[in-house]
Amino acid sequence: MRRVKAGEVDCFEPIVETYKKQIYIYCCRMLGCKQDAQDAVQDIFIKAFTKLHLYEAKVSFSSWLYKIAYHHCLNLIRKRRVRLRVSRLMKPAGHADSVEQTLERRWFSEPLEYAMNKLSVEERNLLVLRVFEDKPFSEIAQILDKNLSAVKKKYARMKQKVIKLMEEKGGTELCEITDSRTKIEY
């Protein structure tokens, strides 16, 4: 990072190679769309490169990058909600989803997808970072700019909410979300 900050821009390429898959998977889970995630990854790395002067080694580069990714995804989700509201007003009745939209919807099991859609963006981010990305609470706290105990409490509440939502939708279907420390099971 010091070399890139010193002007050796070619040194940024190995950084991108190291983190691009992780950031892509994170964006897929946050945005629920592979194409949007691919576009987001490019934008996130461009933002990281242009804002590199703001990075301080007090926090890990990974946490700093995930924070950029979180805020970028949050902005995209907000824009998507506005477009969705407008398109609902304009869309004729009887519209069928494309094959791609149907496949994207099946990215997760139905009960989990249902629960994820009912979570706030912040709750979804917490779930993705903890369960799917297996980030420790300390790093999540850095990414979210929250204190550690607040993140742990919010996670515990969110976990119960996900279980309740999955039960609401799941019937007898078995669905499991696991991280190395926690298991959400229905």
# chains A, B, ... in the order shown; residues from 1 in each chain; ligands from 1
>>> residues_around(residues="stretch 50-64 of chain A", least_positions_apart="5", cutoff="12 Å", atoms="only C-alpha atoms", output="PyMOL selection string")
chain A and resi 1-7+9+12+15-16+18-20+22-23+43-45+69-71+129+133+135-145
>>> write_last_selection(atoms="N, CA and C atoms", output="short mmCIF file (atom, residue, chain, number, x, y, z; two decimals), in the first residue's frame")
data_model
loop_
_atom_site.label_atom_id
_atom_site.label_comp_id
_atom_site.auth_asym_id
_atom_site.auth_seq_id
_atom_site.Cartn_x
_atom_site.Cartn_y
_atom_site.Cartn_z
N MET A 1 0.83 -1.18 0.00
CA MET A 1 0.00 0.00 0.00
C MET A 1 0.87 1.25 0.00
N ARG A 2 1.95 1.20 0.75
CA ARG A 2 2.86 2.37 0.80
C ARG A 2 3.40 2.67 -0.59
N ARG A 3 3.74 1.62 -1.33
CA ARG A 3 4.30 1.81 -2.68
C ARG A 3 3.26 2.42 -3.62
N VAL A 4 2.04 1.97 -3.51
CA VAL A 4 0.98 2.53 -4.36
C VAL A 4 0.75 3.99 -3.99
N LYS A 5 0.71 4.28 -2.69
CA LYS A 5 0.54 5.67 -2.24
C LYS A 5 1.71 6.54 -2.69
N ALA A 6 2.88 5.94 -2.83
CA ALA A 6 4.07 6.67 -3.26
C ALA A 6 4.11 6.88 -4.77
N GLY A 7 3.12 6.36 -5.49
CA GLY A 7 3.05 6.60 -6.92
C GLY A 7 3.30 5.39 -7.80
N VAL A 9 1.74 2.89 -9.22
CA VAL A 9 0.38 2.44 -9.46
C VAL A 9 0.29 0.97 -9.90
N PHE A 12 -0.87 -1.72 -7.46
CA PHE A 12 -2.27 -1.86 -7.06
C PHE A 12 -2.89 -3.12 -7.68
N ILE A 15 -3.09 -6.15 -5.46
CA ILE A 15 -4.10 -5.91 -4.42
C ILE A 15 -5.48 -6.25 -4.97
N VAL A 16 -5.76 -5.80 -6.19
CA VAL A 16 -7.04 -6.10 -6.83
C VAL A 16 -7.19 -7.61 -6.98
N THR A 18 -5.91 -9.95 -5.25
CA THR A 18 -6.08 -10.59 -3.94
C THR A 18 -7.52 -10.49 -3.44
N TYR A 19 -8.16 -9.35 -3.67
CA TYR A 19 -9.46 -9.08 -3.06
C TYR A 19 -10.66 -9.14 -4.00
N LYS A 20 -10.45 -9.23 -5.31
CA LYS A 20 -11.58 -9.09 -6.22
C LYS A 20 -12.62 -10.21 -6.07
N GLN A 22 -13.33 -12.01 -3.31
CA GLN A 22 -14.04 -11.80 -2.05
C GLN A 22 -15.07 -10.68 -2.18
N ILE A 23 -14.66 -9.58 -2.79
CA ILE A 23 -15.55 -8.43 -2.94
C ILE A 23 -16.69 -8.77 -3.90
N ASP A 43 -16.32 -0.62 -9.84
CA ASP A 43 -16.50 0.71 -9.23
C ASP A 43 -15.83 0.80 -7.87
N ILE A 44 -15.91 -0.26 -7.10
CA ILE A 44 -15.33 -0.27 -5.74
C ILE A 44 -13.81 -0.14 -5.81
N PHE A 45 -13.19 -0.87 -6.72
CA PHE A 45 -11.73 -0.78 -6.82
C PHE A 45 -11.28 0.57 -7.38
N ALA A 69 -17.12 -1.08 -0.14
CA ALA A 69 -18.07 -1.98 -0.80
C ALA A 69 -19.46 -1.85 -0.18
N TYR A 70 -19.52 -1.80 1.13
CA TYR A 70 -20.80 -1.68 1.82
C TYR A 70 -21.53 -0.41 1.39
N HIS A 71 -20.83 0.71 1.43
CA HIS A 71 -21.46 1.98 1.07
C HIS A 71 -21.85 2.02 -0.41
N LEU A 129 -21.60 -10.36 6.10
CA LEU A 129 -20.23 -10.27 6.61
C LEU A 129 -19.92 -11.37 7.61
N GLU A 133 -19.15 -14.28 4.77
CA GLU A 133 -17.76 -13.86 4.66
C GLU A 133 -16.92 -14.30 5.87
N LYS A 135 -16.42 -13.00 8.76
CA LYS A 135 -15.62 -11.92 9.36
C LYS A 135 -15.80 -11.94 10.87
N PRO A 136 -14.73 -11.67 11.61
CA PRO A 136 -14.86 -11.58 13.08
C PRO A 136 -15.63 -10.30 13.44
N PHE A 137 -16.27 -10.33 14.60
CA PHE A 137 -17.05 -9.18 15.04
C PHE A 137 -16.21 -7.91 15.09
N SER A 138 -14.95 -8.03 15.46
CA SER A 138 -14.09 -6.84 15.56
C SER A 138 -13.94 -6.16 14.19
N GLU A 139 -13.78 -6.94 13.14
CA GLU A 139 -13.64 -6.36 11.81
C GLU A 139 -14.98 -5.80 11.32
N ILE A 140 -16.06 -6.49 11.63
CA ILE A 140 -17.38 -5.99 11.25
C ILE A 140 -17.64 -4.64 11.93
N ALA A 141 -17.24 -4.52 13.18
CA ALA A 141 -17.40 -3.26 13.90
C ALA A 141 -16.64 -2.14 13.20
N GLN A 142 -15.44 -2.44 12.72
CA GLN A 142 -14.66 -1.44 11.97
C GLN A 142 -15.36 -1.05 10.68
N ILE A 143 -15.86 -2.04 9.96
CA ILE A 143 -16.53 -1.79 8.68
C ILE A 143 -17.77 -0.94 8.88
N LEU A 144 -18.53 -1.22 9.93
CA LEU A 144 -19.79 -0.52 10.17
C LEU A 144 -19.64 0.74 11.01
N ASP A 145 -18.44 1.03 11.48
CA ASP A 145 -18.21 2.17 12.38
C ASP A 145 -19.08 2.09 13.63
#
>>> atom_distance(atom1="atom CA of A:Asn117", atom2="atom CA of A:His72")
18.4 Å
>>> atom_distance(atom1="atom CA of A:Asn75", atom2="atom CA of A:Met166")
26.8 Å
>>> atom_distance(atom1="atom CA of A:Ile68", atom2="atom CA of A:Glu122")
14.0 Å
>>> closest_residue(among="A:Ala40, A:Glu8, A:Gln35, A:Ile77", to="A:Asn125", atoms="only C-alpha atoms")
A:Ile77
>>> closest_residue(among="A:Leu148, A:Cys73, A:Val128, A:Leu112", to="A:Cys33", atoms="only C-alpha atoms")
A:Cys73
>>> closest_residue(among="A:Val131, A:Leu74, A:Leu65, A:Leu165", to="A:Ile46", atoms="only C-alpha atoms")
A:Leu65
